[in-house]
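The block underneath contains the structure these notes are about, expressed in C-alpha cells.
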Amino acid sequence: MTAPPRPAGSYDPAATTSGGLAGELARLEAQAALSFDQELRILREAGLTEASGPLVEVGAGSGAVTRRLRTALPGLSLTAVDIDADLLAYAEGCGARTLVADAADLPLETGSAGCVLLRYVLQHLSDPRPALAEALRVLRPGGLIAVTEIDDACWGLATPSYPELATVHAKSAAAQQSAGGDRTIGRRTTRLLRRAGFDGVDLRPFATTNDYRPTEDFAPHLGPGRLQPLVASGAVSLGEFALAADRWNRFRTDPDAWVMLLGLTATATAPYPL
Ligand SMILES: C[S@@+](CC[C@H](N)C(=O)[O-])C[C@H]1O[C@@H](n2cnc3c(N)ncnc32)[C@H](O)[C@@H]1O
C-alpha cells in the first residue's frame, strides 16, 4: 500500500529526539509506560469497556498505546490508523487492524466505530478540525471520543526548577509551532470538540509524579534528548543543549527532586440524530 503524502504538520519521527527513529520508538514506549494506567482509568470512567469497540486509534504511531489497550481490554476490537506507514509497521502483530490513512480522511464506514482515540496527535496538525470532523463521521451515535494532549503553559511542576532553561524550552515550542504544530492545544480541545458537534464534552486532567516511579522514567519529557534534533537544525546551540543536559543530570540524581507531569484528556460523545 502507498502511504498518503504527509500533510502539513510538525511530526517527523526521525527528527523528534536523539537517536533518530530508534530513539523516537523508545521515547513513545517510555511515554506510554509512564501514564497509560491513568489514561486507561480515564477511558474507563468515560465509559470504555470491552464492548465499546471498534476502538479506532487515530495517529497510533508505533502502537505503544494500542498494545497496552490490547492487554488491558483483550475483548475490545482495535483499529490502529496512522499516516506514517513505516511507524505503523511497528504496531503490526499487536492484535489491531492497521490502516495507513490521514486522520482527516479515514477509510472507514460512517457510524462504524464505537470509540475514537487521538493521543498526542492534534498538537501536530496545522488544523485539527478536519480530523475531529472525520472522527465524528466514523463514530456511531453515543460513541466516545477521547483526545489526550498537553499544554505547555500547564505542563506540570518540577522542583528544583531551572529558570535558566526557559529560553531553550521556548525555542523548542517555537520549533514545533513553526513546523505547523501547537503545544498549547490542550487549552483548545474542549472548545474544538464542542464546535465539531460533539456532546457531553468533559476535561479530565491526569498527573504523573515520581512518587511512585523512578525520576529516570521522566527522561522522555525532561531530558535533553528532544533538543538534539534542534541542535542539528541550528535552532538550539550546543551550549544550550549542554546546559539542559547538565540540569537534567542534576535533577535525576537529586534525591529530593520532585516532578509532576499533567496530561489532559478531553472526552465527548457523538450526538444521536434529532
Ligand atoms: C507523537 S506521535 C503519537 C503516537 C501515538 N498516538 C502514541 O501516543 O504513542 C503522533 C502520531 O500522529 C501521527 N500523525 C500525524 N499527522 C497525522 C495525520 N494527519 N493522520 C494520521 N496520523 C497522523 C504521526 O505519524 C504519529 O504517529
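Just so we're on the same page: first chain in the C-alpha cells is A, next is B, and so on; residues restart at 1 for each chain, and ligands are numbered from 1 in the order they show up.
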Show me which residues are within 9 Å of ligand 1 counting only C-alpha atoms and all ligand atoms, and format the list as an NGL selection string. :A and (6-13 or 16 or 24-25 or 27-29 or 31-32 or 57-66 or 81-88 or 100-106 or 117-125 or 128 or 131 or 148)
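Checking A:Thr167, A:Thr208, A:Ser126, A:Ser233 one by one against Asp182 (chain A), counting only C-alpha atoms, you find the shortest gap at A:Ser126.
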Within 10 Å of region 34-43 of chain A: each region 120-225 of chain A residue with its shortest pair, only C-alpha atoms, as a Markdown table:
| residue | atom | partner | partner_atom | distance |
| --- | --- | --- | --- | --- |
| A:Leu144 | CA | A:Leu43 | CA | 9.1 |
| A:Ile145 | CA | A:Leu43 | CA | 9.4 |
| A:Ala146 | CA | A:Leu43 | CA | 7.4 |
| A:Thr148 | CA | A:Glu39 | CA | 8.4 |
| A:Arg204 | CA | A:Ile42 | CA | 7.1 |
| A:Pro205 | CA | A:Ile42 | CA | 8.8 |
| A:Phe206 | CA | A:Gln38 | CA | 6.6 |
| A:Ala207 | CA | A:Gln38 | CA | 8.0 |
| A:Thr208 | CA | A:Ser35 | CA | 6.4 |
| A:Thr209 | CA | A:Leu34 | CA | 9.2 |
| A:Asn210 | CA | A:Leu34 | CA | 9.9 |
| A:Arg213 | CA | A:Leu34 | CA | 8.3 |
| A:Asp217 | CA | A:Leu34 | CA | 7.0 |
| A:Phe218 | CA | A:Leu34 | CA | 7.7 |
| A:Pro220 | CA | A:Leu34 | CA | 9.7 |
With N, CA, C and O atoms retained, could you export that selection as an mmCIF file, in the first residue's frame?
data_model
loop_
_atom_site.group_PDB
_atom_site.id
_atom_site.type_symbol
_atom_site.label_atom_id
_atom_site.label_comp_id
_atom_site.auth_asym_id
_atom_site.auth_seq_id
_atom_site.Cartn_x
_atom_site.Cartn_y
_atom_site.Cartn_z
ATOM 1 N N LEU A 144 -17.810 7.193 21.809
ATOM 2 C CA LEU A 144 -16.920 8.004 22.661
ATOM 3 C C LEU A 144 -15.715 8.500 21.880
ATOM 4 O O LEU A 144 -15.104 7.740 21.115
ATOM 5 N N ILE A 145 -15.358 9.772 22.072
ATOM 6 C CA ILE A 145 -14.065 10.262 21.566
ATOM 7 C C ILE A 145 -13.224 10.693 22.769
ATOM 8 O O ILE A 145 -13.759 11.257 23.739
ATOM 9 N N ALA A 146 -11.942 10.370 22.735
ATOM 10 C CA ALA A 146 -11.012 10.796 23.785
ATOM 11 C C ALA A 146 -9.793 11.406 23.100
ATOM 12 O O ALA A 146 -9.178 10.787 22.237
ATOM 13 N N THR A 148 -6.233 13.098 24.002
ATOM 14 C CA THR A 148 -5.247 13.354 25.051
ATOM 15 C C THR A 148 -4.185 14.291 24.511
ATOM 16 O O THR A 148 -3.627 14.077 23.434
ATOM 17 N N ARG A 204 -10.671 15.886 31.550
ATOM 18 C CA ARG A 204 -10.237 15.029 32.647
ATOM 19 C C ARG A 204 -8.705 15.060 32.709
ATOM 20 O O ARG A 204 -8.039 14.330 31.985
ATOM 21 N N PRO A 205 -8.155 15.925 33.594
ATOM 22 C CA PRO A 205 -6.696 16.003 33.714
ATOM 23 C C PRO A 205 -6.152 14.788 34.464
ATOM 24 O O PRO A 205 -6.862 14.173 35.258
ATOM 25 N N PHE A 206 -4.897 14.447 34.208
ATOM 26 C CA PHE A 206 -4.242 13.390 34.994
ATOM 27 C C PHE A 206 -2.807 13.808 35.277
ATOM 28 O O PHE A 206 -2.177 14.504 34.492
ATOM 29 N N ALA A 207 -2.343 13.397 36.463
ATOM 30 C CA ALA A 207 -0.996 13.777 36.887
ATOM 31 C C ALA A 207 -0.143 12.532 37.072
ATOM 32 O O ALA A 207 -0.616 11.511 37.569
ATOM 33 N N THR A 208 1.103 12.617 36.644
ATOM 34 C CA THR A 208 2.055 11.526 36.850
ATOM 35 C C THR A 208 3.229 12.104 37.634
ATOM 36 O O THR A 208 3.792 13.122 37.219
ATOM 37 N N THR A 209 3.575 11.475 38.757
ATOM 38 C CA THR A 209 4.671 12.012 39.578
ATOM 39 C C THR A 209 5.742 10.950 39.818
ATOM 40 O O THR A 209 5.517 9.760 39.582
ATOM 41 N N ASN A 210 6.891 11.418 40.303
ATOM 42 C CA ASN A 210 7.963 10.461 40.624
ATOM 43 C C ASN A 210 7.840 9.957 42.064
ATOM 44 O O ASN A 210 8.798 9.435 42.611
ATOM 45 N N ARG A 213 7.416 6.342 40.762
ATOM 46 C CA ARG A 213 8.243 5.901 39.631
ATOM 47 C C ARG A 213 9.613 6.530 39.759
ATOM 48 O O ARG A 213 9.739 7.648 40.258
ATOM 49 N N ASP A 217 12.463 7.666 34.741
ATOM 50 C CA ASP A 217 11.366 7.380 33.805
ATOM 51 C C ASP A 217 10.831 8.640 33.123
ATOM 52 O O ASP A 217 10.102 8.555 32.134
ATOM 53 N N PHE A 218 11.170 9.801 33.696
ATOM 54 C CA PHE A 218 10.662 11.055 33.139
ATOM 55 C C PHE A 218 11.599 11.652 32.089
ATOM 56 O O PHE A 218 11.350 12.732 31.561
ATOM 57 N N PRO A 220 12.005 11.028 28.934
ATOM 58 C CA PRO A 220 11.450 11.440 27.647
ATOM 59 C C PRO A 220 10.896 12.859 27.676
ATOM 60 O O PRO A 220 10.834 13.532 26.648
#
DSSP on the backbone: which residues in region 7-229 of chain A end up as helix (DSSP H, G or I)? Give the answer as a PyMOL selection string. chain A and resi 13-15+20-45+64-72+85-91+122-124+129-138+152-154+163-178+185-196+215-222+224-229
Can you list, as an MDAnalysis selection string, every residue of region 55-214 of chain A that DSSP puts in strand (DSSP E)? chainID A and resid 55:58 78:82 97:100 113:119 139:149 156:159 199:209
Kindly indicate which residue among A:Glu109, A:Glu134, A:Asp152, A:Glu50 lies nearest to His221 (chain A), using only C-alpha atoms for the distances. A:Asp152
Write out as a PDB file with C-alpha atoms, in the first residue's frame each polymer residue whose atoms come within 8 Å of Arg129 (chain A), counting only C-alpha atoms; drop sequence neighbours fewer than 3 positions from it.
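Writing the result to result38.pdb gives the following:
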ATOM      1  CA  LEU A 132     -12.300  15.869  14.556  1.00  0.00           C
ATOM      2  CA  ALA A 133     -14.981  16.136  11.859  1.00  0.00           C
ATOM      3  CA  LEU A 192     -12.728  22.193  19.394  1.00  0.00           C
ATOM      4  CA  ALA A 196     -17.093  19.948  15.904  1.00  0.00           C
TER       5      ALA A 196
END
I want to know what sits within 9 Å of Gly95 (chain A), based on only C-alpha atoms, with residues of the same chain fewer than 3 positions away left out; could you give that as a list of chain:residue names? A:Thr66, A:Arg67, A:Arg70, A:Pro74, A:Ser77, A:Leu78, A:Thr79, A:Ala91, A:Glu92
Output file for the residues above (all heavy atoms, as an mmCIF file, in the first residue's frame):
data_model
loop_
_atom_site.group_PDB
_atom_site.id
_atom_site.type_symbol
_atom_site.label_atom_id
_atom_site.label_comp_id
_atom_site.auth_asym_id
_atom_site.auth_seq_id
_atom_site.Cartn_x
_atom_site.Cartn_y
_atom_site.Cartn_z
ATOM 1 N N THR A 66 -1.685 1.126 21.684
ATOM 2 C CA THR A 66 -2.530 0.049 21.132
ATOM 3 C C THR A 66 -2.222 -1.267 21.847
ATOM 4 O O THR A 66 -3.131 -1.993 22.250
ATOM 5 C CB THR A 66 -2.244 -0.139 19.625
ATOM 6 O OG1 THR A 66 -1.875 1.103 19.048
ATOM 7 C CG2 THR A 66 -3.431 -0.714 18.912
ATOM 8 N N ARG A 67 -0.938 -1.567 21.998
ATOM 9 C CA ARG A 67 -0.534 -2.831 22.653
ATOM 10 C C ARG A 67 -1.050 -2.886 24.089
ATOM 11 O O ARG A 67 -1.518 -3.917 24.563
ATOM 12 C CB ARG A 67 1.000 -2.952 22.679
ATOM 13 C CG ARG A 67 1.572 -3.766 21.537
ATOM 14 C CD ARG A 67 3.078 -3.952 21.692
ATOM 15 N NE ARG A 67 3.792 -2.692 21.589
ATOM 16 C CZ ARG A 67 4.045 -2.069 20.445
ATOM 17 N NH1 ARG A 67 3.665 -2.589 19.300
ATOM 18 N NH2 ARG A 67 4.685 -0.915 20.431
ATOM 19 N N ARG A 70 -4.733 -3.529 24.134
ATOM 20 C CA ARG A 70 -4.984 -4.943 23.822
ATOM 21 C C ARG A 70 -4.854 -5.797 25.084
ATOM 22 O O ARG A 70 -5.681 -6.663 25.352
ATOM 23 C CB ARG A 70 -4.001 -5.409 22.732
ATOM 24 C CG ARG A 70 -3.769 -6.884 22.576
ATOM 25 C CD ARG A 70 -4.996 -7.686 22.182
ATOM 26 N NE ARG A 70 -5.647 -7.234 20.977
ATOM 27 C CZ ARG A 70 -6.878 -6.679 20.919
ATOM 28 N NH1 ARG A 70 -7.616 -6.562 22.008
ATOM 29 N NH2 ARG A 70 -7.404 -6.288 19.789
ATOM 30 N N PRO A 74 -8.732 -7.236 26.447
ATOM 31 C CA PRO A 74 -8.488 -8.204 25.365
ATOM 32 C C PRO A 74 -9.678 -8.392 24.428
ATOM 33 O O PRO A 74 -9.491 -8.749 23.267
ATOM 34 C CB PRO A 74 -8.174 -9.507 26.106
ATOM 35 C CG PRO A 74 -8.107 -9.195 27.554
ATOM 36 C CD PRO A 74 -8.573 -7.797 27.783
ATOM 37 N N SER A 77 -12.289 -4.676 20.170
ATOM 38 C CA SER A 77 -11.833 -4.678 18.774
ATOM 39 C C SER A 77 -11.072 -3.373 18.508
ATOM 40 O O SER A 77 -11.569 -2.283 18.803
ATOM 41 C CB SER A 77 -13.064 -4.813 17.872
ATOM 42 O OG SER A 77 -12.781 -4.325 16.606
ATOM 43 N N LEU A 78 -9.863 -3.483 17.952
ATOM 44 C CA LEU A 78 -8.980 -2.314 17.808
ATOM 45 C C LEU A 78 -8.582 -2.095 16.356
ATOM 46 O O LEU A 78 -8.242 -3.047 15.648
ATOM 47 C CB LEU A 78 -7.683 -2.528 18.605
ATOM 48 C CG LEU A 78 -7.765 -2.548 20.128
ATOM 49 C CD1 LEU A 78 -6.428 -2.986 20.716
ATOM 50 C CD2 LEU A 78 -8.115 -1.155 20.642
ATOM 51 N N THR A 79 -8.599 -0.839 15.931
ATOM 52 C CA THR A 79 -8.044 -0.461 14.631
ATOM 53 C C THR A 79 -7.038 0.652 14.879
ATOM 54 O O THR A 79 -7.366 1.660 15.513
ATOM 55 C CB THR A 79 -9.146 0.054 13.678
ATOM 56 O OG1 THR A 79 -10.093 -0.990 13.475
ATOM 57 C CG2 THR A 79 -8.564 0.462 12.342
ATOM 58 N N ALA A 91 3.354 -1.395 14.784
ATOM 59 C CA ALA A 91 2.131 -1.778 15.509
ATOM 60 C C ALA A 91 1.553 -3.095 14.988
ATOM 61 O O ALA A 91 0.612 -3.635 15.569
ATOM 62 C CB ALA A 91 1.087 -0.663 15.384
ATOM 63 N N GLU A 92 2.133 -3.598 13.886
ATOM 64 C CA GLU A 92 1.657 -4.880 13.339
ATOM 65 C C GLU A 92 1.846 -5.972 14.392
ATOM 66 O O GLU A 92 2.827 -5.958 15.127
ATOM 67 C CB GLU A 92 2.457 -5.274 12.082
ATOM 68 C CG GLU A 92 2.293 -4.343 10.895
ATOM 69 C CD GLU A 92 0.974 -4.538 10.160
ATOM 70 O OE1 GLU A 92 0.247 -5.483 10.494
ATOM 71 O OE2 GLU A 92 0.687 -3.713 9.273
#
Contacts of Ala235 (chain A) within 10 Å, only C-alpha atoms, excl. fewer than 5 positions in-chain, as an MDAnalysis selection string: chainID A and resid 168 171:172 174:175 227:230
Name all residues at most 12 Å from region 245-247 of chain A (count only C-alpha atoms; drop same-chain ones fewer than 2 positions away) and give them as a VMD selection string. chain A and resid 158 to 165 168 219 222 to 228 238 to 243 249 to 254 257
As an exercise, work out the distance from CA of Ala179 (chain A) to CA of Ala14 (chain A) in Å and give it to one decimal place.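 Computed distance, CA of Ala179 (chain A) to CA of Ala14 (chain A), equals 14.5 Å.
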Residue nearest Glu216 (chain A) - candidates A:Val259, A:Ala46, A:Ala135, A:Leu76, atoms counted: only C-alpha atoms: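 Comparing A:Val259, A:Ala46, A:Ala135, A:Leu76 against Glu216 (chain A), the winner is A:Val259.
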